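Undergrad: Quick one: the structure is below, and I'll ask about it shortly.
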Amino acid sequence: MDKKFVHNRRRRPQGQQYKPQGDPAALAKPVEELNLRENTLAALKAGGVKTAQDLARRREREMYKVQNIGKRDIFEIKKALEGLGLGFRKEEEAPRREENAARAEGAKPQREKSEKGAPSEKCVQKKKSAEGKKPFPERRENRPEGEKNAGRGGKKNADALNRELSRLYAGMTINEIIMGGKRRRPAFIPYPKEGIKQGDLIKFYRAGKWGYKDWKGNVIISPQYDEAFPFRGDRAGVEENGLIGYIDKKNNKVIECKYDCGTSFSEGLAAVSMGDKSGYIDENGEEVTGLIYDVATPFCEGKAVVRADERWGVLDRQTLKVLWR
């Protein structure tokens with residue numbers, strides 16, 4: 001092969017791999033020795049995590065990419081790393097997108113845009129003559145892209161045809177159109193979304209914090225929370241320092257931020273978790289079931305799904321009794 005036809009491809013520079021700081025013995029410790037729950041350990045091993053160093057190389061938000069790893073698992077892993085004097089990689093050490101974009105832009109050769117020349121006088125449409133004759137049609141090459149090969153009437157005829165076809169074949173599948181439109185589907189009617197009503201509070205984000213506005217857009221609760229959930233009734237879940245609590249519409253802390261996880265209130269109860277156990281609380285913060293379940297889901301139509309001792313069951317809202325499988 002002639003050398004002048006061989007293209008040299010540039011290799012992208014590889015960044016240095018991040019090396020976490022800490023005791024080498026602690027970094028080399030296998031994940032099996034971190035005293036993690038069985039499910040958490042299985043998910044880490046399936047994700048290719050073998051040592052504490054593999055965990056310390058990752059940022060906390062990157063742990064959500066590991067399959068079957070949730071917030072409770074991350075909280076457990078974080079506690080285990082702190083016991084070894086380690087932690088997840090800090091967020092500020094991540095390279096900024098602007099810097100990456102600037103490097104990529106600097107590597108690309110700048111191309112100068114060529115200006116199109118003015119159309120020649122031959123392409124200009126002739127004026128009407130004194131006898132009232134119509135001008136010659138402009139050349140096909142100089143028509144707009146949408147009107148090329150459109151025939152007389154140009155884009156208007158094409159738009160009219162598209163509207164008529166859309167009306168005739170609305171709600172039909174490709175197979176039904178091919179079969180001649182013998183079976184027509186009823187027109188699809190989207191489910192109406194519930195609008196914002198007077199008295200509602202809507203969460204909003206500003207300068208890294210969450211707050212709430214009223215239905216007119218006035219700020220009712222200034223941005224001050226790390227995370228905020230929608231109001232369900234007179235309660236909304238908020239997060240401070242990694243813990244979940246609940247406020248009312250006057251920003252009173254009805255339930256202190258002390259839970260690791262929590263859901264919005266549903267049918268008067270909210271599912272909360274502390275450590276490895278979950279349970280249900282009412283709108284005053286009273287534990288109506290105790291934190292006795294491994295998994296607890298929100299109530300829907302008087303039922304909730306729970307798990308305890310590797311058994312799944314359905315919790316009844318009225319009796320608070322579980323029908324185990």
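Residues in the structure tokens are numbered from 1 in each chain, the chains being A, B, ... in the order shown, and ligands are numbered from 1 in the order shown.
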Which neighbours of Arg58 (chain A) fall inside 10 Å, counting only C-alpha atoms, when residues of the same chain fewer than 6 positions from it are skipped, and could you give them as a list in words?
TA: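 Selected residues are Tyr18, Pro20, Gly87, Phe88, Arg89, Lys90 and Glu91 of chain A.
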Undergrad: Write out as a ChimeraX atom specification each polymer residue whose atoms come within 8 Å of Ala43 (chain A), counting only C-alpha atoms; drop sequence neighbours fewer than 4 positions from it.
TA: /A:39,47,66-69
Undergrad: Which residues are near Gly233 (chain A)? Cut-off 10 Å, only C-alpha atoms, ignore same chain within fewer than 3 positions. Put them as a VMD selection string.
TA: chain A and resid 200 230 236 248 to 249 264 to 268 283
Undergrad: Name all residues at most 10 Å from Pro298 (chain A) (count only C-alpha atoms; drop same-chain ones fewer than 6 positions away) and give them as an MDAnalysis selection string.
TA: chainID A and resid 262:267 269:272 280 304:306
Undergrad: Which polymer residues have any atom within 8 Å of an atom of region 70-74 of chain A, counting only C-alpha atoms, with same-chain residues fewer than 2 positions away left out, as an MDAnalysis selection string?
TA: chainID A and resid 40 60 63:64 68 76:78 260:261 275:276
Undergrad: One number please: CA of Lys250 (chain A) to CA of Phe204 (chain A), in Å, one decimal.
TA: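 Rounded to one decimal, the two atoms are 16.0 Å apart.
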Undergrad: Could you list, as number ranges by chain, every residue within 10 Å of Phe229 (chain A), counting only C-alpha atoms and ignoring same-chain residues fewer than 2 positions away?
TA: A: 202-203, 210-212, 227, 231-232, 235-239, 246, 262-264
Undergrad: For Ile292 (chain A), list every protein, DNA or RNA residue within 8 Å, evaluated using only C-alpha atoms, and leave out those in the same chain fewer than 5 positions away; present the list as JSON, numbers by chain.
TA: {"A": [277, 278, 279, 308]}
Undergrad: What does the distance between CA of Asn35 (chain A) and CA of Asp226 (chain A) come to in Å, to one decimal place?
TA: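 Straight-line distance from CA of Asn35 (chain A) to CA of Asp226 (chain A) works out to 29.3 Å.
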Undergrad: Once DSSP has gone over the backbone, tell me which residues of region 247-301 of chain A are in strand (DSSP E), as a count of residues only.
TA: 22
Undergrad: Looking at A:Lys303, A:Lys321, A:Lys50, A:Arg59, which one is nearest to Leu27 (chain A), with distances taken over only C-alpha atoms?
TA: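 Of all the options, A:Lys50 lies closest to Leu27 (chain A).
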Undergrad: One decimal, Å: what's the distance from CA of Gly217 (chain A) over to CA of Val254 (chain A), could you say?
TA: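 According to the coordinates, CA of Gly217 (chain A) and CA of Val254 (chain A) are separated by 24.4 Å.
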